[in-house]
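J.: I'm passing along structure-v1.txt; it holds compact mmCIF, C-alpha atoms.
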```
# COMPACT_ATOMS: atom_id res chain seq x y z
CA MET A 1 -5.28 21.04 21.18
CA ARG A 2 -8.84 21.12 19.88
CA ARG A 3 -7.95 18.64 17.16
CA SER A 4 -6.44 16.19 19.68
CA TRP A 5 -9.46 16.56 21.95
CA SER A 6 -11.82 15.88 19.06
CA LEU A 7 -9.86 12.80 18.07
CA ARG A 8 -9.98 11.43 21.61
CA ALA A 9 -13.71 12.08 21.80
CA ARG A 10 -14.25 10.34 18.49
CA VAL A 11 -12.24 7.31 19.58
CA ALA A 12 -14.16 7.14 22.89
CA LEU A 13 -17.49 7.48 21.08
CA ALA A 14 -16.51 4.82 18.55
CA SER A 15 -15.53 2.48 21.37
CA ALA A 16 -18.83 3.08 23.15
CA VAL A 17 -20.88 2.57 19.99
CA ALA A 18 -19.00 -0.60 19.06
CA THR A 19 -19.41 -1.98 22.58
CA THR A 20 -23.11 -1.08 22.57
CA VAL A 21 -23.63 -2.98 19.35
CA VAL A 22 -21.81 -6.01 20.73
CA VAL A 23 -23.69 -5.83 24.05
CA VAL A 24 -27.06 -5.56 22.31
CA LEU A 25 -26.31 -8.52 20.07
CA VAL A 26 -25.00 -10.58 22.97
CA GLY A 27 -27.97 -9.53 25.13
CA VAL A 28 -30.51 -10.53 22.51
CA LEU A 29 -28.80 -13.86 21.98
CA ALA A 30 -28.51 -14.45 25.73
CA SER A 31 -32.18 -13.58 26.24
CA VAL A 32 -33.27 -16.00 23.53
CA LEU A 33 -31.06 -18.77 24.89
CA LEU A 34 -32.09 -18.08 28.47
CA THR A 35 -35.80 -18.13 27.60
CA ARG A 36 -35.34 -21.37 25.72
CA GLU A 37 -33.35 -22.93 28.58
CA GLN A 38 -35.91 -21.96 31.21
CA THR A 39 -38.80 -23.16 29.07
CA GLU A 40 -37.07 -26.50 28.44
CA ARG A 41 -36.40 -26.80 32.15
CA LEU A 42 -40.06 -26.18 32.88
CA ASP A 43 -41.08 -28.72 30.22
CA ARG A 44 -38.82 -31.36 31.77
CA SER A 45 -40.65 -30.94 35.05
CA LEU A 46 -43.99 -31.74 33.38
CA VAL A 47 -43.59 -35.54 33.40
CA PRO A 48 -46.88 -37.24 34.39
CA GLY A 49 -46.67 -40.45 36.38
CA SER A 50 -43.58 -39.52 38.30
CA PRO A 51 -43.77 -39.21 42.04
CA ALA A 52 -42.64 -35.61 41.84
CA VAL A 53 -45.79 -34.73 39.99
CA LEU A 54 -48.54 -36.96 41.31
CA GLY A 55 -47.23 -37.33 44.83
CA THR A 56 -45.59 -35.06 47.30
CA PHE A 57 -44.36 -32.56 44.72
CA ALA A 58 -47.91 -31.88 43.52
CA SER A 59 -49.02 -30.96 47.01
CA THR A 60 -46.09 -28.70 47.77
CA ARG A 61 -45.99 -26.58 44.55
CA ALA A 62 -48.69 -23.96 44.37
CA ASP A 63 -47.91 -23.26 40.68
CA LEU A 64 -48.54 -26.89 39.68
CA ALA A 65 -51.87 -28.18 38.36
CA VAL A 66 -52.83 -31.80 37.53
CA THR A 67 -55.96 -32.96 35.74
CA LEU A 68 -56.98 -36.62 35.17
CA ARG A 69 -59.29 -37.61 32.33
CA GLY A 70 -60.97 -40.99 32.12
CA PRO A 71 -64.20 -42.59 30.97
CA ALA A 72 -66.05 -40.87 33.81
CA GLY A 73 -64.80 -37.42 32.79
CA ALA A 74 -62.16 -34.94 33.99
CA ARG A 75 -61.02 -34.68 37.62
CA ARG A 76 -58.75 -32.08 39.13
CA VAL A 77 -55.95 -33.45 41.29
CA SER A 78 -54.56 -29.98 42.09
CA GLY A 79 -54.98 -26.50 40.77
CA PRO A 80 -57.51 -25.45 38.13
CA GLU A 81 -58.81 -27.81 35.50
CA LEU A 82 -56.43 -27.85 32.56
CA PRO A 83 -57.54 -28.19 28.95
CA LEU A 84 -56.59 -31.22 26.90
CA SER A 85 -53.46 -30.76 24.78
CA PRO A 86 -51.79 -32.91 22.12
CA LEU A 87 -50.18 -35.98 23.66
CA GLY A 88 -46.51 -35.46 24.63
CA ILE A 89 -46.24 -31.94 23.24
CA PRO A 90 -45.65 -29.09 25.73
CA THR A 91 -48.11 -26.28 25.05
CA SER A 92 -48.65 -22.79 26.44
CA VAL A 93 -52.30 -22.00 27.37
CA ASP A 94 -54.23 -19.40 29.31
CA VAL A 95 -56.32 -20.72 32.21
CA GLY A 96 -58.39 -18.18 34.12
CA GLY A 97 -56.10 -15.36 33.05
CA VAL A 98 -52.99 -17.25 34.17
CA ALA A 99 -50.40 -18.48 31.66
CA TYR A 100 -49.71 -22.20 31.99
CA ARG A 101 -47.30 -24.55 30.32
CA ILE A 102 -49.03 -27.95 30.03
CA ARG A 103 -48.28 -31.45 28.80
CA THR A 104 -50.69 -34.38 28.32
CA ALA A 105 -49.58 -38.00 28.59
CA PRO A 106 -51.15 -41.45 29.24
CA GLY A 107 -51.97 -41.96 32.88
CA PRO A 108 -51.16 -44.77 35.30
CA ALA A 109 -54.29 -46.76 34.29
CA PRO A 110 -55.52 -47.74 30.84
CA GLY A 111 -57.80 -45.19 29.22
CA VAL A 112 -56.69 -42.43 31.59
CA LEU A 113 -54.92 -39.24 30.43
CA VAL A 114 -52.97 -36.99 32.73
CA THR A 115 -52.51 -33.28 31.94
CA VAL A 116 -49.84 -31.60 34.03
CA GLY A 117 -49.29 -27.83 33.95
CA ALA A 118 -47.23 -25.18 35.72
CA THR A 119 -47.57 -21.44 35.64
CA GLU A 120 -44.98 -19.52 33.59
CA ASP A 121 -44.77 -16.63 36.05
CA ASP A 122 -41.67 -17.93 37.82
CA THR A 123 -40.01 -18.74 34.52
CA ARG A 124 -40.72 -15.30 33.17
CA ALA A 125 -39.54 -13.70 36.39
CA ARG A 126 -36.24 -15.60 36.27
CA VAL A 127 -35.78 -14.64 32.62
CA ALA A 128 -36.52 -10.99 33.41
CA ASP A 129 -34.02 -11.05 36.30
CA ARG A 130 -31.35 -12.46 34.04
CA GLN A 131 -32.16 -9.89 31.35
CA ARG A 132 -31.81 -7.05 33.84
CA LEU A 133 -28.49 -8.49 34.93
CA VAL A 134 -27.26 -8.70 31.34
CA THR A 135 -28.49 -5.14 30.68
CA GLY A 136 -26.67 -3.84 33.74
CA LEU A 137 -23.48 -5.58 32.75
CA GLY A 138 -23.88 -4.19 29.24
CA VAL A 139 -24.20 -0.63 30.53
CA VAL A 140 -21.08 -1.11 32.65
CA ALA A 141 -19.24 -2.55 29.63
CA VAL A 142 -20.22 0.41 27.46
CA ALA A 143 -19.08 2.91 30.08
CA LEU A 144 -15.84 1.00 30.62
CA ALA A 145 -15.21 0.85 26.86
CA ALA A 146 -15.80 4.59 26.51
CA GLY A 147 -13.45 5.33 29.41
CA LEU A 148 -10.75 3.01 28.11
CA GLY A 149 -11.19 4.46 24.62
CA TRP A 150 -10.70 7.94 26.03
CA LEU A 151 -7.57 6.95 27.94
CA LEU A 152 -6.03 4.86 25.17
CA ALA A 153 -6.85 7.50 22.55
CA GLY A 154 -4.73 9.94 24.51
CA ARG A 155 -1.76 7.61 24.15
CA ALA A 156 -2.60 6.92 20.52
CA VAL A 157 -2.58 10.60 19.53
CA ARG A 158 0.73 11.38 21.19
CA PRO A 159 2.70 10.61 18.00
CA MET A 160 0.36 12.92 16.09
CA ARG A 161 0.92 15.65 18.65
CA ARG A 162 4.67 15.26 18.32
CA LEU A 163 4.25 15.35 14.55
CA THR A 164 2.23 18.56 14.83
CA THR A 165 4.92 20.11 17.03
CA GLN A 166 7.64 19.24 14.52
CA ALA A 167 5.55 20.50 11.61
CA ALA A 168 5.11 23.84 13.35
CA THR A 169 8.89 24.37 13.30
CA LEU A 170 9.56 23.16 9.76
CA ASP A 171 9.50 26.65 8.24
CA ARG A 172 12.31 27.72 10.56
CA ALA A 173 14.27 24.50 10.01
CA ALA A 174 14.06 24.82 6.22
CA ALA A 175 14.87 28.52 6.07
CA ASP A 176 18.58 27.98 5.27
CA PRO A 177 19.01 26.25 1.89
CA ALA A 178 22.60 25.39 2.79
CA GLU A 179 21.39 23.06 5.53
CA PRO A 180 20.18 19.54 4.69
CA PRO A 181 16.42 19.12 4.43
CA PRO A 182 14.76 18.57 7.82
CA THR A 183 13.38 15.14 8.61
CA VAL A 184 10.20 14.41 10.51
CA ARG A 185 9.89 11.52 12.95
CA ALA A 186 6.83 10.38 14.84
CA ASP A 187 7.45 6.92 16.28
CA GLY A 188 4.63 5.19 18.06
CA SER A 189 2.17 4.12 15.39
CA ARG A 190 2.40 2.93 11.83
CA GLU A 191 0.08 5.68 10.59
CA SER A 192 2.12 8.47 12.18
CA GLU A 193 5.37 6.96 10.87
CA GLU A 194 3.94 6.76 7.34
CA LEU A 195 2.77 10.37 7.58
CA ALA A 196 6.18 11.45 8.90
CA ASP A 197 7.91 9.64 6.03
CA ALA A 198 5.59 11.34 3.53
CA LEU A 199 6.33 14.75 5.06
CA SER A 200 10.08 14.06 5.02
CA ALA A 201 9.91 13.07 1.34
CA MET A 202 7.92 16.20 0.55
CA LEU A 203 10.45 18.36 2.42
CA ALA A 204 13.28 16.70 0.50
CA ARG A 205 11.58 17.52 -2.79
CA LEU A 206 10.95 21.11 -1.67
CA HIS A 207 14.56 21.43 -0.55
CA ALA A 208 15.77 20.14 -3.92
CA GLU A 209 13.58 22.66 -5.70
CA GLN A 210 14.88 25.39 -3.40
CA GLU A 211 18.44 24.40 -4.25
CA ARG A 212 17.57 24.50 -7.94
CA SER A 213 16.05 27.96 -7.53
CA THR A 214 19.05 29.19 -5.55
CA ALA A 215 21.47 27.77 -8.09
CA SER A 216 19.47 29.34 -10.91
CA LEU A 217 19.61 32.70 -9.16
CA HIS A 218 23.37 32.40 -8.62
CA ALA A 219 23.84 31.35 -12.24
CA ALA A 220 21.86 34.36 -13.40
CA ARG A 221 23.93 36.67 -11.21
CA ASP A 222 27.19 35.14 -12.40
CA PHE A 223 26.01 35.42 -15.99
CA ALA A 224 25.16 39.08 -15.53
CA ALA A 225 28.47 39.85 -13.84
CA ALA A 226 30.52 37.92 -16.41
CA ALA A 227 28.64 39.43 -19.31
CA ARG A 228 29.22 42.92 -17.98
CA HIS A 229 32.89 42.23 -17.46
CA GLU A 230 33.58 40.49 -20.78
CA LEU A 231 31.35 42.52 -23.06
CA ARG A 232 32.33 45.98 -21.90
CA THR A 233 35.54 46.16 -23.98
CA PRO A 234 34.15 44.93 -27.35
CA LEU A 235 30.97 46.94 -26.98
CA THR A 236 32.97 50.07 -26.18
CA ALA A 237 35.16 49.45 -29.22
CA MET A 238 32.10 48.96 -31.40
CA ARG A 239 30.57 52.18 -30.15
CA THR A 240 33.77 54.08 -30.80
CA ASP A 241 34.02 52.70 -34.34
CA LEU A 242 30.38 53.50 -35.05
CA GLU A 243 30.78 57.06 -33.78
CA VAL A 244 33.82 57.48 -36.07
CA LEU A 245 31.79 56.25 -39.03
CA ARG A 246 28.94 58.58 -38.11
CA ASP A 247 31.14 61.63 -37.76
CA HIS A 248 33.28 60.84 -40.81
CA PRO A 249 31.10 59.26 -43.48
CA ASP A 250 33.84 59.68 -46.08
CA LEU A 251 36.58 58.19 -43.94
CA PRO A 252 39.21 56.46 -46.15
CA GLU A 253 39.63 53.68 -43.54
CA ARG A 254 35.91 52.97 -43.59
CA ASP A 255 36.35 49.31 -44.62
CA ALA A 256 38.92 48.70 -41.90
CA VAL A 257 36.66 50.25 -39.26
CA LEU A 258 33.74 48.16 -40.44
CA ALA A 259 35.93 45.06 -40.24
CA ASP A 260 36.76 46.00 -36.64
CA VAL A 261 33.05 46.37 -35.88
CA LEU A 262 32.30 42.96 -37.36
CA ARG A 263 35.14 41.36 -35.39
CA ALA A 264 33.88 42.97 -32.19
CA GLN A 265 30.35 41.83 -32.98
CA GLY A 266 31.59 38.28 -33.52
CA ARG A 267 33.43 38.39 -30.23
CA VAL A 268 30.32 39.61 -28.43
CA GLU A 269 28.24 36.88 -30.03
CA ALA A 270 30.76 34.16 -29.17
CA THR A 271 31.08 35.42 -25.60
CA LEU A 272 27.31 35.50 -25.12
CA THR A 273 27.03 31.97 -26.48
CA ALA A 274 29.75 30.69 -24.17
CA LEU A 275 28.26 32.50 -21.18
CA GLY A 276 24.85 31.05 -21.93
CA GLN A 277 26.32 27.56 -22.07
CA LEU A 278 28.13 28.12 -18.79
CA ALA A 279 24.98 29.46 -17.13
CA ALA A 280 23.02 26.44 -18.33
CA GLY A 281 25.73 24.14 -17.01
CA ASP A 282 25.65 25.86 -13.61
CA LEU A 283 22.00 24.95 -13.15
CA PRO A 284 21.19 21.84 -11.08
CA GLU A 285 21.48 18.75 -13.18
CA ALA A 286 18.29 17.79 -14.99
CA SER A 287 17.17 14.24 -15.62
CA ASP A 288 18.53 14.20 -19.19
CA ARG A 289 20.85 11.23 -18.73
CA GLU A 290 20.55 8.40 -21.22
CA ALA A 291 22.57 5.41 -22.35
CA ILE A 292 24.92 6.59 -25.13
CA GLY A 293 27.10 4.32 -27.17
CA VAL A 294 30.73 5.48 -27.15
CA ALA A 295 31.06 4.90 -30.91
CA ASP A 296 27.91 6.93 -31.59
CA LEU A 297 29.18 9.76 -29.41
CA LEU A 298 32.51 9.99 -31.24
CA ARG A 299 30.77 9.77 -34.62
CA LEU A 300 28.46 12.68 -33.74
CA ALA A 301 31.39 14.72 -32.39
CA ALA A 302 33.33 14.11 -35.61
CA GLU A 303 30.36 15.24 -37.71
CA ASP A 304 30.06 18.39 -35.59
CA ALA A 305 33.77 19.12 -36.06
CA ARG A 306 33.69 18.64 -39.85
CA ARG A 307 30.60 20.80 -40.18
CA ALA A 308 32.04 23.63 -38.04
CA HIS A 309 35.54 23.46 -39.60
CA PRO A 310 35.31 22.35 -43.23
CA GLY A 311 39.09 22.34 -43.79
CA LEU A 312 39.89 20.36 -40.64
CA GLU A 313 41.05 16.75 -40.88
CA VAL A 314 39.10 14.70 -38.32
CA VAL A 315 40.23 11.16 -37.45
CA VAL A 316 38.21 8.85 -35.21
CA ASP A 317 40.04 6.00 -33.47
CA GLU A 318 38.34 2.65 -33.09
CA PRO A 319 36.35 3.18 -29.87
CA PRO A 320 35.72 0.49 -27.26
CA GLU A 321 32.38 -1.23 -27.22
CA GLY A 322 29.82 -0.26 -24.62
CA ALA A 323 27.83 2.74 -23.53
CA VAL A 324 27.85 5.41 -20.88
CA ARG A 325 24.92 7.00 -19.09
CA ALA A 326 25.32 10.69 -19.72
CA SER A 327 23.88 13.81 -21.31
CA LEU A 328 24.43 13.54 -25.04
CA GLU A 329 24.17 17.27 -25.67
CA GLY A 330 26.51 18.06 -22.79
CA LEU A 331 29.25 15.72 -24.02
CA ARG A 332 28.87 16.90 -27.64
CA MET A 333 29.28 20.47 -26.47
CA ALA A 334 32.37 19.57 -24.42
CA LEU A 335 34.05 17.78 -27.36
CA ALA A 336 33.07 20.60 -29.73
CA ASN A 337 34.71 23.18 -27.47
CA ALA A 338 37.86 21.06 -27.24
CA VAL A 339 38.01 20.97 -31.06
CA VAL A 340 37.38 24.74 -31.30
CA ASN A 341 40.19 25.37 -28.83
CA ALA A 342 42.55 23.20 -30.91
CA VAL A 343 41.70 24.96 -34.17
CA ARG A 344 41.32 28.55 -33.02
CA HIS A 345 44.03 28.81 -30.40
CA GLY A 346 46.33 25.90 -31.24
CA GLY A 347 46.34 26.36 -34.99
CA ALA A 348 45.65 22.66 -35.52
CA GLY A 349 45.09 21.26 -38.98
CA SER A 350 43.86 17.86 -37.78
CA VAL A 351 42.31 16.41 -34.65
CA GLN A 352 42.00 12.83 -33.51
CA LEU A 353 39.02 11.68 -31.43
CA GLY A 354 39.37 8.56 -29.32
CA ALA A 355 38.21 6.82 -26.18
CA HIS A 356 39.37 4.10 -23.83
CA GLY A 357 37.75 2.36 -20.91
CA GLY A 358 38.52 3.20 -17.32
CA ALA A 359 39.49 0.71 -14.67
CA ASP A 360 36.23 1.18 -12.74
CA GLY A 361 33.90 1.04 -15.69
CA GLY A 362 34.15 4.67 -16.73
CA VAL A 363 35.23 6.06 -20.08
CA VAL A 364 37.95 8.55 -20.95
CA LEU A 365 37.33 10.61 -24.10
CA THR A 366 40.38 12.17 -25.77
CA VAL A 367 40.87 14.95 -28.31
CA ASP A 368 44.43 15.11 -29.78
CA ASP A 369 45.58 17.84 -32.15
CA ASP A 370 48.74 18.71 -34.08
CA GLY A 371 48.80 22.36 -33.08
CA ARG A 372 51.13 24.49 -30.99
CA GLY A 373 50.24 22.83 -27.70
CA LEU A 374 50.27 24.57 -24.33
CA PRO A 375 53.04 25.05 -21.75
CA ALA A 376 52.73 22.62 -18.85
CA ASP A 377 52.61 25.37 -16.23
CA GLU A 378 49.51 26.91 -17.86
CA ARG A 379 47.44 23.76 -18.28
CA GLU A 380 45.72 23.91 -14.92
CA ALA A 381 44.96 27.62 -15.11
CA VAL A 382 43.30 27.59 -18.55
CA LEU A 383 40.57 25.30 -17.20
CA GLY A 384 39.27 28.32 -15.26
CA ARG A 385 36.91 30.90 -16.64
CA PHE A 386 38.19 33.84 -18.70
CA VAL A 387 41.74 32.46 -18.74
CA ARG A 388 43.62 32.19 -22.04
CA GLY A 389 46.95 30.50 -22.68
CA SER A 390 50.04 32.32 -23.87
CA THR A 391 50.00 30.40 -27.16
CA ALA A 392 46.43 31.42 -28.07
CA GLY A 393 46.46 32.39 -31.72
CA ALA A 394 43.13 34.26 -31.90
CA PRO A 395 40.93 36.47 -29.73
CA GLY A 396 38.55 34.63 -27.44
CA SER A 397 36.64 34.76 -24.21
CA GLY A 398 38.70 32.15 -22.36
CA LEU A 399 35.61 30.02 -21.71
CA GLY A 400 36.08 27.06 -24.08
CA LEU A 401 38.09 24.76 -21.83
CA ALA A 402 36.09 25.98 -18.81
CA LEU A 403 32.99 24.60 -20.52
CA VAL A 404 34.76 21.26 -21.03
CA ALA A 405 35.74 21.15 -17.34
CA GLN A 406 32.21 22.04 -16.30
CA GLN A 407 30.67 19.18 -18.29
CA ALA A 408 33.26 16.76 -16.93
CA ALA A 409 32.36 17.74 -13.36
CA ARG A 410 28.66 17.32 -14.13
CA HIS A 411 29.36 13.78 -15.31
CA GLY A 412 31.34 12.82 -12.23
CA GLY A 413 34.74 13.20 -13.87
CA GLU A 414 37.48 15.70 -14.60
CA VAL A 415 39.56 17.14 -17.44
CA ARG A 416 43.31 16.82 -17.82
CA LEU A 417 45.56 18.45 -20.39
CA GLY A 418 48.70 16.76 -21.66
CA ASP A 419 50.93 16.22 -24.66
CA ALA A 420 49.28 14.60 -27.66
CA PRO A 421 51.04 11.84 -29.67
CA THR A 422 50.41 14.01 -32.74
CA GLY A 423 52.57 16.82 -31.33
CA GLY A 424 49.93 19.20 -30.00
CA LEU A 425 47.64 19.20 -26.96
CA ARG A 426 45.65 16.28 -25.60
CA VAL A 427 42.36 16.99 -23.82
CA SER A 428 41.26 14.01 -21.72
CA LEU A 429 37.67 13.99 -20.46
CA ALA A 430 37.07 11.30 -17.82
CA ILE A 431 33.46 10.26 -17.22
CA GLY A 432 32.04 8.31 -14.34
CA PRO A 433 34.03 6.31 -11.78
CA ASP A 434 37.28 6.58 -13.74
CA ARG A 435 39.22 9.75 -12.92
CA ALA A 436 42.51 8.96 -14.68
CA GLY A 437 43.53 11.04 -17.68
```
Any chance you could put this one into structure tokens?
T.:
Amino acid sequence: MRRSWSLRARVALASAVATTVVVVLVGVLASVLLTREQTERLDRSLVPGSPAVLGTFASTRADLAVTLRGPAGARRVSGPELPLSPLGIPTSVDVGGVAYRIRTAPGPAPGVLVTVGATEDDTRARVADRQRLVTGLGVVAVALAAGLGWLLAGRAVRPMRRLTTQAATLDRAAADPAEPPPTVRADGSRESEELADALSAMLARLHAEQERSTASLHAARDFAAAARHELRTPLTAMRTDLEVLRDHPDLPERDAVLADVLRAQGRVEATLTALGQLAAGDLPEASDREAIGVADLLRLAAEDARRAHPGLEVVVDEPPEGAVRASLEGLRMALANAVVNAVRHGGAGSVQLGAHGGADGGVVLTVDDDGRGLPADEREAVLGRFVRGSTAGAPGSGLGLALVAQQAARHGGEVRLGDAPTGGLRVSLAIGPDRAG
């Protein structure tokens, strides 16, 4: 409340100050113009030779003085004797302590000069009256401006008050990360609307960061739970083998036990790697999207496959022209896991990488192998985590195809498993608008 009161007071004070400045400027200008107008009016009345001056008017105006000058000297017609002034030029003089405005002009006879003068007291009094009137009106205008500023400021700060009320409840509105970010509205003035929009944008950013933090926490919890579940068996086997080696240093099956330990260690390492990739994929999507040429993507995936499996035959079909906006590392990892699944669990000796365009502008990446394939009734299940098919030919964590499905979902697509033309399994990874396998 104190802030609103202060704002109203400042608006009222600003209105009063602005009005005061305007009133002072207008008053000064009006005073100058009024003084000039009254002086010019007085000068117009000083016209020698007219009946108004030398006749009846001279006898009826006590403030009027007329002096004639001729060869015989100066003669007063009325009032005190006036000094001689430049011909035709109105001049202000002091006569006996009284301010006069005088004008000298040729008289009615040759060689005669007439000096006509009038006191400036009435003129000054009229100017002073007008100045007091302007000052009074100015004071009223300043007071009225301050009052109107006070009243209108109250209406002007209402949107800010509503904005303050909404801001006071934002912490409660944003407490549940599952709810959409709260929005702030303060209609009524452009400034309050701009501030409300800025607050809404800030809340949206905070909500997005909160979602990222929540997702990171869930990913960490899932990672811990999955690691505990998947690593317990190989670690227990390793411990048992190591205890046997410790208690029986001369064990004849020492080499076989060591081989078991190495296999268990490899399984642990592979599982940790897969879990780390899954945990990273569960995090909110980062801004790592870039335009990737389809041909470049397949070429990099083929190089990865040849490097990881030296004896594997890798064939790359002629890809369509164009590019996709995606995460290069994410797609390379997905294709690499599809190849690993074909080699390790399908027993494939060759894989074929290809791509074709989708109807809506998307791209479908395919990995075909010549391995054992997978029964149709298991193809949906093996896309889940820690699920292995019945034809798997080697130990594994059951996370390879889950990683492929995860990357497909992150790129707005999906994974489908089918029969490959080469006799094994086809993994189709649809990206973007196209969802067809």
J.: Could you check which residues have any atom within 9 Å of (-33.7, -9.7, 30.2), counting only C-alpha atoms with coordinates taken straight from the file, and then list them as a PDB file with C-alpha atoms, keeping the file's coordinate frame?
T.:
```pdb
ATOM      1  CA  GLY A  27     -27.970  -9.530  25.130  1.00  0.00           C
ATOM      2  CA  VAL A  28     -30.510 -10.530  22.510  1.00  0.00           C
ATOM      3  CA  ALA A  30     -28.510 -14.450  25.730  1.00  0.00           C
ATOM      4  CA  SER A  31     -32.180 -13.580  26.240  1.00  0.00           C
ATOM      5  CA  LEU A  34     -32.090 -18.080  28.470  1.00  0.00           C
ATOM      6  CA  ARG A 126     -36.240 -15.600  36.270  1.00  0.00           C
ATOM      7  CA  VAL A 127     -35.780 -14.640  32.620  1.00  0.00           C
ATOM      8  CA  ALA A 128     -36.520 -10.990  33.410  1.00  0.00           C
ATOM      9  CA  ASP A 129     -34.020 -11.050  36.300  1.00  0.00           C
ATOM     10  CA  ARG A 130     -31.350 -12.460  34.040  1.00  0.00           C
ATOM     11  CA  GLN A 131     -32.160  -9.890  31.350  1.00  0.00           C
ATOM     12  CA  ARG A 132     -31.810  -7.050  33.840  1.00  0.00           C
ATOM     13  CA  LEU A 133     -28.490  -8.490  34.930  1.00  0.00           C
ATOM     14  CA  VAL A 134     -27.260  -8.700  31.340  1.00  0.00           C
ATOM     15  CA  THR A 135     -28.490  -5.140  30.680  1.00  0.00           C
TER      16      THR A 135
END
```
J.: Might you pull out every residue within 10 Å of stretch 37-47 of chain A, with all atoms listed in the file counted and same-chain residues fewer than 4 positions away left off, and present them as a VMD selection string?
T.: chain A and resid 31 to 33 51 to 54 64 to 66 88 to 91 101 to 105 114 to 120 122 to 124 126 to 127
J.: Please report the interatomic distance between atom CA of A:Ala323 and atom CA of A:Ala402 in Å with one decimal.
T.: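 According to the coordinates, atom CA of A:Ala323 and atom CA of A:Ala402 are separated by 25.1 Å.
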J.: Atom CA of A:Leu242 to atom CA of A:Val257: how many Å, to one decimal?
T.: 8.2 Å
J.: Ranking A:Val77, A:Ala348, A:Leu374, A:Val404 by minimum distance to A:Asp419 and counting all atoms listed in the file, which one comes first?
T.: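 Of the candidates, the smallest distance to A:Asp419 is held by A:Leu374.
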J.: Quick one: of A:Gly107, A:Ala308, A:Val11, A:Val315, who's nearest to A:Leu151, counting only C-alpha atoms?
T.: A:Val11
J.: Compare A:Ala295, A:Leu195, A:Leu401, A:Val339 by their minimum atom-to-atom distance to A:Arg307, counting all atoms listed in the file, and give me the closest one.
T.: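 Of A:Ala295, A:Leu195, A:Leu401, A:Val339, the one nearest A:Arg307 is A:Val339, counting all atoms listed in the file.
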J.: Please indicate the distance in Å from atom CA of A:Arg410 to atom CA of A:Glu290, rounded to one decimal place.
T.: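 Value for the atom CA of A:Arg410-atom CA of A:Glu290 distance: 14.0 Å.
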J.: Residues proximal to (53.6, 24.5, -32.3) were defined as those with any atom within 10 Å of that point in the file's coordinates, counting all atoms listed in the file. Which are they, as a short mmCIF file (atom, residue, chain, number, x, y, z; two decimals) with C-alpha atoms, in the coordinates of the input?
T.:
```cif
data_model
loop_
_atom_site.label_atom_id
_atom_site.label_comp_id
_atom_site.auth_asym_id
_atom_site.auth_seq_id
_atom_site.Cartn_x
_atom_site.Cartn_y
_atom_site.Cartn_z
CA GLY A 346 46.33 25.90 -31.24
CA GLY A 347 46.34 26.36 -34.99
CA ALA A 348 45.65 22.66 -35.52
CA ASP A 370 48.74 18.71 -34.08
CA GLY A 371 48.80 22.36 -33.08
CA ARG A 372 51.13 24.49 -30.99
CA GLY A 373 50.24 22.83 -27.70
CA LEU A 374 50.27 24.57 -24.33
CA THR A 391 50.00 30.40 -27.16
CA GLY A 423 52.57 16.82 -31.33
CA GLY A 424 49.93 19.20 -30.00
CA LEU A 425 47.64 19.20 -26.96
#
```
J.: Find, counting all atoms listed in the file, the residue in A:Leu429, A:Leu312, A:Ala334, A:Ala381 that gets nearest to A:Gly362.
T.: A:Leu429
J.: My list of candidates is A:Ser428, A:Arg306, A:Ser327, A:Thr422. Which is closest to A:Val363 when distances are computed with only C-alpha atoms?
T.: A:Ser428
